[in-house]
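Enquirer: Got final-v5.csv for you, CSV, C-alpha atoms:
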chain,number,residue,atom,x,y,z
A,7,MET,CA,-30.6,-15.9,-12.5
A,8,SER,CA,-33.5,-18.1,-11.3
A,9,GLY,CA,-37.0,-16.8,-11.1
A,10,ASN,CA,-37.1,-16.3,-7.4
A,11,GLU,CA,-34.1,-13.9,-7.5
A,12,LYS,CA,-35.6,-10.6,-8.5
A,13,GLY,CA,-33.8,-7.5,-9.9
A,14,HIS,CA,-30.3,-7.0,-11.3
A,15,ALA,CA,-27.4,-9.1,-10.2
A,16,ILE,CA,-24.1,-7.3,-10.1
A,17,GLY,CA,-20.5,-8.5,-10.2
A,18,ILE,CA,-18.0,-7.0,-7.8
A,19,ASP,CA,-14.3,-7.3,-8.0
A,20,LEU,CA,-13.2,-6.6,-4.4
A,21,GLY,CA,-9.6,-5.6,-4.9
A,22,THR,CA,-6.8,-4.9,-2.5
A,23,THR,CA,-6.3,-1.4,-3.7
A,24,TYR,CA,-9.2,-0.8,-6.1
A,25,SER,CA,-12.6,-2.3,-6.6
A,26,CYS,CA,-15.0,-2.2,-9.5
A,27,VAL,CA,-18.6,-3.2,-10.2
A,28,ALA,CA,-20.3,-4.4,-13.4
A,29,VAL,CA,-23.8,-5.5,-14.6
A,30,TRP,CA,-25.0,-7.6,-17.5
A,31,GLN,CA,-27.4,-5.6,-19.7
A,32,HIS,CA,-28.0,-4.9,-23.4
A,33,GLU,CA,-26.3,-8.2,-24.2
A,34,HIS,CA,-22.9,-7.2,-22.7
A,35,VAL,CA,-21.1,-6.6,-19.5
A,36,GLU,CA,-21.2,-2.9,-18.5
A,37,ILE,CA,-18.5,-1.7,-16.0
A,38,ILE,CA,-20.2,1.0,-14.0
A,39,VAL,CA,-18.4,4.3,-13.4
A,40,ASN,CA,-18.6,5.9,-10.0
A,41,ASP,CA,-19.5,9.5,-9.2
A,42,GLN,CA,-16.0,10.6,-10.1
A,43,GLY,CA,-16.4,9.1,-13.6
A,44,ASN,CA,-13.9,6.3,-12.8
A,45,ARG,CA,-14.4,2.6,-13.6
A,46,THR,CA,-12.5,1.7,-10.4
A,47,THR,CA,-13.0,2.9,-6.8
A,48,PRO,CA,-10.2,2.9,-4.2
A,49,SER,CA,-10.7,0.2,-1.5
A,50,TYR,CA,-10.2,2.8,1.2
A,51,VAL,CA,-12.2,3.7,4.3
A,52,ALA,CA,-11.5,6.7,6.5
A,53,PHE,CA,-13.0,8.4,9.6
A,54,THR,CA,-12.8,12.1,10.3
A,55,ASP,CA,-14.2,13.9,13.4
A,56,THR,CA,-17.6,14.2,11.7
A,57,GLU,CA,-18.0,11.5,9.1
A,58,LYS,CA,-17.1,8.2,7.5
A,59,LEU,CA,-15.6,8.3,4.0
A,60,ILE,CA,-15.3,5.5,1.5
A,61,GLY,CA,-13.6,5.2,-1.9
A,62,ASP,CA,-12.3,8.3,-3.6
A,63,ALA,CA,-13.3,10.6,-0.7
A,64,ALA,CA,-11.2,8.5,1.7
A,65,PHE,CA,-8.3,8.2,-0.6
A,66,ASN,CA,-8.1,12.0,-1.3
A,67,GLN,CA,-7.7,12.9,2.4
A,68,ILE,CA,-5.3,10.2,3.4
A,69,ILE,CA,-2.2,12.5,3.5
A,70,LYS,CA,-3.7,14.7,6.2
A,71,ASN,CA,-5.4,11.8,8.0
A,72,PRO,CA,-3.1,8.7,7.6
A,73,THR,CA,-3.6,7.0,10.9
A,74,ASN,CA,-7.4,7.0,10.6
A,75,SER,CA,-7.5,5.8,7.0
A,76,VAL,CA,-7.6,2.1,6.2
A,77,PHE,CA,-6.6,0.3,3.0
A,78,ASP,CA,-5.3,-3.2,2.2
A,79,ALA,CA,-8.2,-4.8,4.2
A,80,LYS,CA,-8.0,-7.7,1.7
A,81,ARG,CA,-4.6,-8.5,3.0
A,82,LEU,CA,-6.1,-9.1,6.5
A,83,ILE,CA,-9.4,-10.7,5.7
A,84,GLY,CA,-9.6,-14.3,7.0
A,85,ARG,CA,-6.1,-14.2,8.4
A,86,ARG,CA,-4.6,-14.6,11.9
A,87,PHE,CA,-2.9,-11.8,13.8
A,88,SER,CA,0.1,-14.1,14.3
A,89,ASP,CA,0.6,-14.7,10.6
A,90,THR,CA,4.0,-13.6,9.4
A,91,SER,CA,2.5,-11.6,6.6
A,92,VAL,CA,0.3,-9.6,9.0
A,93,GLN,CA,3.2,-8.9,11.3
A,94,ASN,CA,5.3,-7.7,8.4
A,95,ASP,CA,2.5,-5.5,7.0
A,96,ARG,CA,1.5,-3.8,10.2
A,97,LYS,CA,5.0,-2.3,10.4
A,98,LEU,CA,4.3,-0.5,7.1
A,99,TRP,CA,0.7,0.6,7.7
A,100,PRO,CA,0.1,4.0,9.2
A,101,PHE,CA,-3.1,2.7,11.0
A,102,LYS,CA,-2.8,0.4,14.0
A,103,VAL,CA,-3.6,-3.3,13.9
A,104,ILE,CA,-3.8,-5.2,17.2
A,105,GLU,CA,-4.6,-8.7,18.3
A,106,GLY,CA,-8.2,-9.4,19.0
A,107,ALA,CA,-10.1,-12.5,20.3
A,108,ASN,CA,-9.0,-15.8,18.9
A,109,ASP,CA,-5.9,-14.4,17.2
A,110,LYS,CA,-8.0,-12.2,14.9
A,111,PRO,CA,-6.4,-9.0,13.6
A,112,MET,CA,-8.4,-5.9,14.5
A,113,ILE,CA,-7.9,-2.4,13.1
A,114,MET,CA,-7.9,0.5,15.6
A,115,LEU,CA,-9.6,3.7,14.4
A,116,THR,CA,-11.0,6.8,16.1
A,117,GLN,CA,-14.6,7.4,15.2
A,118,GLN,CA,-16.1,10.7,16.4
A,119,GLY,CA,-13.5,11.0,19.2
A,120,GLU,CA,-14.0,7.4,20.3
A,121,GLU,CA,-11.5,4.5,19.7
A,122,LYS,CA,-13.1,1.6,18.0
A,123,GLN,CA,-11.9,-1.8,16.7
A,124,PHE,CA,-12.9,-3.1,13.2
A,125,ALA,CA,-12.4,-6.5,11.7
A,126,ALA,CA,-11.1,-6.6,8.1
A,127,GLU,CA,-14.5,-7.9,6.8
A,128,GLU,CA,-16.2,-4.9,8.4
A,129,ILE,CA,-14.0,-2.6,6.3
A,130,SER,CA,-14.5,-4.7,3.2
A,131,SER,CA,-18.3,-4.6,3.9
A,132,MET,CA,-18.1,-0.8,3.8
A,133,VAL,CA,-16.3,-0.9,0.5
A,134,LEU,CA,-18.9,-3.4,-0.9
A,135,THR,CA,-21.7,-1.2,0.3
A,136,LYS,CA,-20.1,1.7,-1.7
A,137,MET,CA,-20.0,-0.5,-4.8
A,138,ARG,CA,-23.6,-1.5,-4.3
A,139,GLU,CA,-24.6,2.1,-4.0
A,140,ILE,CA,-22.7,3.0,-7.2
A,141,ALA,CA,-24.6,0.2,-9.0
A,142,GLU,CA,-27.9,1.3,-7.6
A,143,LYS,CA,-27.4,4.9,-8.7
A,144,TYR,CA,-26.6,3.8,-12.2
A,145,LEU,CA,-29.4,1.3,-12.5
A,146,ASP,CA,-31.9,3.5,-10.6
A,147,SER,CA,-33.1,0.5,-8.7
A,148,THR,CA,-32.3,-1.5,-5.5
A,149,VAL,CA,-29.7,-4.2,-5.9
A,150,GLU,CA,-29.7,-7.3,-3.7
A,151,ASN,CA,-27.9,-10.0,-5.6
A,152,ALA,CA,-24.2,-10.1,-6.3
A,153,VAL,CA,-21.3,-12.3,-7.4
A,154,ILE,CA,-18.0,-11.4,-5.7
A,155,THR,CA,-14.6,-12.4,-7.0
A,156,VAL,CA,-11.7,-13.6,-4.9
A,157,PRO,CA,-8.2,-14.9,-5.7
A,158,ALA,CA,-8.2,-18.5,-6.6
A,159,TYR,CA,-5.6,-19.1,-3.8
A,160,PHE,CA,-8.0,-17.8,-1.1
A,161,ASN,CA,-8.6,-20.5,1.6
A,162,ASN,CA,-12.0,-21.3,3.0
A,163,SER,CA,-11.6,-18.8,5.9
A,164,GLN,CA,-10.8,-16.0,3.5
A,165,ARG,CA,-13.7,-16.9,1.2
A,166,GLU,CA,-16.2,-17.1,4.1
A,167,ALA,CA,-15.0,-13.8,5.5
A,168,THR,CA,-15.5,-12.2,2.1
A,169,LYS,CA,-19.0,-13.7,1.8
A,170,ASN,CA,-19.8,-12.4,5.3
A,171,ALA,CA,-18.7,-8.9,4.2
A,172,GLY,CA,-21.1,-9.1,1.3
A,173,VAL,CA,-24.0,-10.1,3.5
A,174,ASN,CA,-23.2,-7.3,5.9
A,175,ALA,CA,-23.3,-4.9,3.0
A,176,GLY,CA,-26.9,-5.9,2.4
A,177,LEU,CA,-26.2,-8.3,-0.5
A,178,LYS,CA,-27.3,-11.8,-1.2
A,179,VAL,CA,-24.0,-13.3,-2.3
A,180,MET,CA,-25.0,-15.7,-5.1
A,181,ARG,CA,-21.6,-17.0,-5.6
A,182,ILE,CA,-17.9,-16.4,-4.7
A,183,ILE,CA,-16.1,-16.8,-8.0
A,184,ASN,CA,-12.4,-17.2,-8.6
A,185,GLU,CA,-10.9,-14.1,-10.3
A,186,PRO,CA,-9.1,-16.1,-13.1
A,187,THR,CA,-12.5,-17.7,-14.1
A,188,ALA,CA,-14.0,-14.3,-14.1
A,189,ALA,CA,-11.2,-13.1,-16.4
A,190,ALA,CA,-11.7,-15.9,-18.8
A,191,ILE,CA,-15.5,-15.4,-18.9
A,192,ALA,CA,-15.0,-11.6,-19.4
A,193,TYR,CA,-12.9,-12.2,-22.5
A,194,GLY,CA,-15.4,-14.6,-24.0
A,195,LEU,CA,-12.8,-17.3,-24.3
A,196,GLU,CA,-15.5,-19.9,-23.9
A,197,LYS,CA,-16.8,-18.7,-27.3
A,198,GLN,CA,-13.4,-19.2,-28.8
A,199,ALA,CA,-13.3,-22.7,-27.3
A,200,GLY,CA,-16.6,-23.4,-29.1
A,201,TRP,CA,-15.0,-22.5,-32.4
A,202,TYR,CA,-11.7,-24.3,-31.9
A,203,GLY,CA,-12.5,-27.1,-29.5
A,204,LYS,CA,-10.9,-27.2,-26.1
A,205,ARG,CA,-8.5,-24.5,-25.2
A,206,ASN,CA,-5.9,-24.3,-22.5
A,207,VAL,CA,-5.8,-20.8,-21.0
A,208,MET,CA,-3.3,-19.3,-18.6
A,209,ILE,CA,-4.5,-16.4,-16.5
A,210,PHE,CA,-1.8,-14.2,-15.0
A,211,ASP,CA,-3.4,-11.8,-12.6
A,212,LEU,CA,-1.1,-9.4,-10.8
A,213,GLY,CA,-3.0,-6.8,-8.8
A,214,GLY,CA,-2.3,-4.5,-6.0
A,215,GLY,CA,-2.0,-7.1,-3.3
A,216,THR,CA,-2.3,-10.6,-4.8
A,217,LEU,CA,-0.8,-12.7,-7.6
A,218,ASP,CA,-3.0,-15.4,-9.1
A,219,VAL,CA,-1.9,-17.8,-11.8
A,220,SER,CA,-4.3,-20.3,-13.1
A,221,LEU,CA,-4.5,-22.8,-15.9
A,222,LEU,CA,-8.0,-23.5,-17.2
A,223,THR,CA,-9.3,-25.8,-19.9
A,224,ILE,CA,-12.3,-24.4,-21.6
A,225,GLY,CA,-14.7,-26.3,-23.8
A,226,ASP,CA,-18.4,-26.8,-24.4
A,227,GLY,CA,-19.1,-24.0,-21.9
A,228,VAL,CA,-17.3,-25.7,-19.1
A,229,PHE,CA,-14.4,-24.1,-17.3
A,230,GLU,CA,-12.1,-26.7,-15.7
A,231,VAL,CA,-9.4,-25.4,-13.5
A,232,LYS,CA,-6.3,-27.6,-14.1
A,233,ALA,CA,-4.0,-25.9,-11.6
A,234,THR,CA,-3.7,-22.7,-9.5
A,235,ALA,CA,-0.7,-21.1,-7.9
A,236,GLY,CA,0.2,-17.7,-6.7
A,237,ASP,CA,0.6,-15.6,-3.6
A,238,THR,CA,-2.1,-13.9,-1.6
A,239,HIS,CA,0.5,-11.5,-0.5
A,240,LEU,CA,2.4,-10.4,-3.6
A,241,GLY,CA,1.3,-7.4,-5.7
A,242,GLY,CA,2.0,-3.8,-6.8
A,243,GLU,CA,1.9,-2.5,-3.3
A,244,ASP,CA,5.1,-4.5,-2.5
A,245,ILE,CA,6.8,-2.6,-5.3
A,246,ASP,CA,5.5,0.7,-3.7
A,247,ASN,CA,7.0,-0.5,-0.4
A,248,SER,CA,10.4,-1.2,-2.0
A,249,MET,CA,10.4,2.2,-3.7
A,250,VAL,CA,9.4,4.0,-0.5
A,251,ASN,CA,12.2,2.2,1.5
A,252,TYR,CA,14.7,3.1,-1.2
A,253,CYS,CA,13.6,6.8,-1.1
A,254,VAL,CA,13.7,6.9,2.7
A,255,ASP,CA,17.3,5.6,2.7
A,256,GLN,CA,18.3,8.1,0.0
A,257,PHE,CA,16.7,11.0,1.9
A,258,LYS,CA,18.4,9.9,5.1
A,259,SER,CA,21.7,9.6,3.3
A,260,LYS,CA,21.5,13.0,1.7
A,261,HIS,CA,20.0,15.0,4.5
A,262,ASN,CA,20.5,13.0,7.6
A,263,LEU,CA,16.8,13.0,8.2
A,264,ASP,CA,14.7,9.9,9.0
A,265,VAL,CA,11.1,10.0,7.8
A,266,SER,CA,10.3,6.4,8.6
A,267,GLU,CA,8.4,7.4,11.8
A,268,ASN,CA,6.5,10.2,10.1
A,269,PRO,CA,3.2,8.8,8.8
A,270,LYS,CA,2.2,11.9,6.8
A,271,ALA,CA,5.6,12.2,5.1
A,272,LEU,CA,5.5,8.5,4.3
A,273,ARG,CA,2.0,8.8,2.8
A,274,ARG,CA,3.1,11.7,0.5
A,275,LEU,CA,6.2,9.7,-0.5
A,276,ARG,CA,4.1,6.6,-1.2
A,277,ASN,CA,1.8,8.5,-3.4
A,278,ALA,CA,4.8,9.9,-5.3
A,279,CYS,CA,6.3,6.4,-5.6
A,280,GLU,CA,3.1,4.9,-6.9
A,281,LYS,CA,2.8,7.6,-9.6
A,282,ALA,CA,6.5,7.1,-10.5
A,283,LYS,CA,5.9,3.3,-10.8
A,284,ARG,CA,3.0,3.9,-13.3
A,285,ARG,CA,5.0,6.3,-15.4
A,286,LEU,CA,8.0,4.0,-15.6
A,287,SER,CA,5.8,1.6,-17.6
A,288,PHE,CA,5.7,4.2,-20.4
A,289,THR,CA,9.0,6.1,-20.1
A,290,SER,CA,12.6,5.2,-19.3
A,291,THR,CA,13.3,7.9,-16.7
A,292,ILE,CA,11.3,9.9,-14.2
A,293,ASP,CA,11.9,12.6,-11.7
A,294,LEU,CA,10.4,11.9,-8.3
A,295,GLU,CA,9.9,15.1,-6.2
A,296,VAL,CA,8.2,15.8,-2.9
A,297,ASP,CA,8.2,19.3,-1.6
A,298,CYS,CA,8.9,19.8,2.1
A,299,LEU,CA,9.0,16.1,2.8
A,300,ASP,CA,10.4,16.7,6.3
A,301,ARG,CA,11.4,19.7,8.4
A,302,GLY,CA,11.1,22.0,5.3
A,303,THR,CA,13.5,19.8,3.3
A,304,ASP,CA,12.5,18.9,-0.3
A,305,PHE,CA,13.2,15.5,-1.7
A,306,PHE,CA,14.2,15.0,-5.3
A,307,ILE,CA,15.6,11.9,-7.1
A,308,THR,CA,15.8,10.7,-10.7
A,309,ILE,CA,14.9,7.0,-11.2
A,310,THR,CA,15.5,5.2,-14.4
A,311,ARG,CA,13.6,2.1,-15.5
A,312,ALA,CA,16.8,0.1,-15.2
A,313,LYS,CA,17.2,1.2,-11.5
A,314,PHE,CA,13.5,0.5,-10.9
A,315,GLU,CA,13.9,-3.0,-12.3
A,316,GLN,CA,17.1,-3.6,-10.4
A,317,MET,CA,15.5,-2.7,-7.0
A,318,ASN,CA,12.5,-4.9,-7.7
A,319,MET,CA,14.1,-7.9,-9.5
A,320,ASP,CA,13.5,-10.2,-6.6
A,321,PHE,CA,9.8,-9.3,-6.7
A,322,PHE,CA,9.7,-9.8,-10.5
A,323,ASN,CA,11.4,-13.2,-10.3
A,324,LYS,CA,9.1,-14.3,-7.5
A,325,CYS,CA,6.1,-13.5,-9.8
A,326,MET,CA,7.3,-16.1,-12.3
A,327,GLU,CA,7.6,-19.0,-9.8
A,328,PRO,CA,3.8,-19.7,-9.8
A,329,VAL,CA,3.8,-19.8,-13.6
A,330,ASP,CA,6.3,-22.7,-13.5
A,331,LYS,CA,4.4,-24.4,-10.6
A,332,CYS,CA,1.1,-24.1,-12.5
A,333,LEU,CA,2.5,-25.8,-15.6
A,334,ARG,CA,4.0,-28.6,-13.5
A,335,ASP,CA,0.9,-29.2,-11.5
A,336,ALA,CA,-1.3,-29.2,-14.6
A,337,ASP,CA,1.1,-31.4,-16.4
A,338,ILE,CA,0.7,-29.2,-19.5
A,339,GLU,CA,3.6,-28.1,-21.8
A,340,ILE,CA,3.7,-24.3,-22.4
A,341,THR,CA,3.5,-25.0,-26.1
A,342,ASN,CA,0.0,-26.4,-25.5
A,343,VAL,CA,-1.2,-23.2,-23.9
A,344,HIS,CA,-3.5,-21.4,-26.4
A,345,ASP,CA,-4.1,-18.1,-24.6
A,346,VAL,CA,-2.3,-16.1,-22.0
A,347,VAL,CA,-4.5,-13.5,-20.3
A,348,LEU,CA,-2.8,-10.7,-18.4
A,349,ALA,CA,-5.0,-9.1,-15.7
A,350,GLY,CA,-4.4,-6.6,-13.0
A,351,GLY,CA,-2.7,-3.2,-13.1
A,352,SER,CA,0.7,-4.5,-12.1
A,353,SER,CA,0.8,-6.8,-15.1
A,354,ARG,CA,1.4,-3.7,-17.3
A,355,ILE,CA,5.0,-3.4,-15.9
A,356,PRO,CA,7.3,-4.0,-18.9
A,357,GLN,CA,9.7,-6.2,-16.9
A,358,VAL,CA,6.8,-8.5,-15.8
A,359,GLN,CA,5.7,-8.9,-19.4
A,360,GLU,CA,9.3,-9.5,-20.5
A,361,LEU,CA,9.9,-12.2,-18.0
A,362,LEU,CA,6.5,-13.8,-18.8
A,363,ARG,CA,7.5,-13.9,-22.5
A,364,ASN,CA,10.7,-15.7,-21.6
A,365,VAL,CA,8.9,-18.2,-19.3
A,366,CYS,CA,6.0,-18.8,-21.8
A,367,LYS,CA,8.3,-18.7,-24.8
A,368,ILE,CA,5.7,-16.8,-26.8
A,369,LYS,CA,5.2,-13.5,-28.4
A,370,TYR,CA,2.1,-11.6,-27.3
A,371,GLY,CA,-0.2,-11.0,-30.2
A,372,HIS,CA,-3.1,-12.5,-32.2
A,373,ASN,CA,-5.1,-14.6,-29.7
A,374,THR,CA,-2.3,-15.2,-27.2
A,375,TYR,CA,-2.3,-11.9,-25.4
A,376,HIS,CA,-5.3,-10.2,-23.6
A,377,HIS,CA,-5.2,-7.5,-21.0
A,378,LYS,CA,-7.3,-5.4,-18.7
A,379,VAL,CA,-9.8,-7.6,-16.9
A,380,ILE,CA,-9.4,-7.4,-13.1
A,381,ASP,CA,-8.1,-4.6,-10.9
A,382,ASP,CA,-7.6,-2.4,-13.9
For the file at hand, write its structure as structure tokens.
Expert:
Amino acid sequence: MSGNEKGHAIGIDLGTTYSCVAVWQHEHVEIIVNDQGNRTTPSYVAFTDTEKLIGDAAFNQIIKNPTNSVFDAKRLIGRRFSDTSVQNDRKLWPFKVIEGANDKPMIMLTQQGEEKQFAAEEISSMVLTKMREIAEKYLDSTVENAVITVPAYFNNSQREATKNAGVNAGLKVMRIINEPTAAAIAYGLEKQAGWYGKRNVMIFDLGGGTLDVSLLTIGDGVFEVKATAGDTHLGGEDIDNSMVNYCVDQFKSKHNLDVSENPKALRRLRNACEKAKRRLSFTSTIDLEVDCLDRGTDFFITITRAKFEQMNMDFFNKCMEPVDKCLRDADIEITNVHDVVLAGGSSRIPQVQELLRNVCKIKYGHNTYHHKVIDD
């Protein structure tokens, strides 16, 4: 940091579902825990009759206040209301998204009894403010400077909107940096490149809302992006949506009850599906149960990992397409890729890892497999 930029500079990973903040001190990167003792904070904002809630506080009350709780702002930032992805998503969200001026999507919320409209960058700004406050409490000092990560696939509009969110959060945004580059830096792969000469590194970052695949060549402290591919609208939440839809159909089939228009029931079902998805990464069978899902009727279903993989196979296959595209665009053979870095919570899913093994024709191990960088 140059001499005219005083104080600590923090790094913020503004995620679709979770965000985290880190600082460089004592010769290493320190990921800062929040007041709940967690390294990640939900990217959620909610309004009650009396207060505004951000992070864990917003997430923990969403079941009883679904229409006034916002998440997935990253899926709206820098987009147009008429975008197909926005139209598809607004059917799934419990909160209302309407068309604003110049085709801008606006989120409708009730704040202290009054209806108000918020742009996605305003919601993101609130989350960034929370991350700044977490850092300030840990460092016991004011924080003004920040680097914010975005998917490599973000266009200029999305990057500018993210930067504006940072400025509105009281931050001087020193740089908007691509998440794959941040992942490579975090793992110190530039140091390995110093030992071995130039290294070709593939970053596969599958988070809650976005998929980023990048090929970088690292050498002499220089990160050269050879190719990027991905989908700003493909992530773990799409798996959650698939599981919720499956459960809604099963509940309707068994009990002739339709919960698709019941926001509170859908939120409880989504929470159960998300927990089930995580557990299926470590076990072959889970029982998904929601008491009194609708009209006093309980919901219970057993889901095997095989069934989970079957209902999401289109999603998993779609995740592999950017890998092939990246290799083609970079004109690099997979045998010349030295490291594969997996990032993002959704990259833990065994089927994702298995398909990636097949595409990359490698076995993870030694220096070819790294994990847990972004959206952990």
Enquirer: Taking only C-alpha atoms into account, name the residue in A:Val207, A:Val103, A:Ile69, A:Ile309 that is nearest to Leu82 of chain A.
Expert: A:Val103
Enquirer: Taking into account all atoms listed in the file, which residue in the set A:Thr238, A:Thr308, A:Asn364, A:Ser290 is nearest to Gly214 of chain A?
Expert: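 Among the listed residues, the smallest separation from Gly214 of chain A belongs to A:Thr238.
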Enquirer: Quick one: pull the distance between atom CA of Val92 of chain A and atom CA of Asp237 of chain A, Å, one decimal.
Expert: 14.0 Å
Enquirer: Rounded to one decimal place, report the atom CA of Asn174 of chain A-atom CA of Gly106 of chain A distance in Å.
Expert: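 Between atom CA of Asn174 of chain A and atom CA of Gly106 of chain A the gap is 20.0 Å.
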Enquirer: Using only C-alpha atoms, which of the listed residues (A:Ala126, A:Cys279, A:Ala233, A:Val250) sits closest to Val265 of chain A?
Expert: A:Val250
Enquirer: Pick from A:Glu327, A:Glu243, A:Arg311, A:His14: nearest to Asn277 of chain A, with all atoms listed in the file counted?
Expert: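 Among A:Glu327, A:Glu243, A:Arg311, A:His14, it is A:Glu243 that comes nearest to Asn277 of chain A.
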Enquirer: How many Å separate atom CA of Asn251 of chain A from atom CA of Asp293 of chain A?
Expert: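 That distance, rounded to one decimal, is 16.8 Å.
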Enquirer: Between A:Lys80, A:Arg273, A:Arg181, A:Arg96, which has the minimum distance to Glu127 of chain A (counting only C-alpha atoms)?
Expert: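 Among the listed residues, the smallest separation from Glu127 of chain A belongs to A:Lys80.
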Enquirer: For each of A:Asp264, A:Ile191, A:Met319, A:Leu217, take the minimum atom-to-atom distance to Phe229 of chain A, counting only C-alpha atoms, then give the residue where this is smallest.
Expert: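 Selected residue with least distance to Phe229 of chain A: A:Ile191.
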Enquirer: Counting all atoms listed in the file, which residues have an atom no more than 6 Å from (-19.4, -4.1, 3.3) in the file's coordinates? Please list them as a list in words.
Expert: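 These residues have at least one counted atom within 6 Å: Ser130, Ser131, Met132, Val133, Leu134, Thr135, Ala171, Gly172, Asn174 and Ala175 of chain A.
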Enquirer: Find the spatial neighbours of segment 28-38 of chain A, counting all atoms listed in the file, within a cut-off of 12 Å - ignore same-chain residues fewer than 5 positions away - and output them as a PyMOL selection string.
Expert: chain A and resi 7+13-20+43-47+137-145+149+151-155+188+191-194+379-382
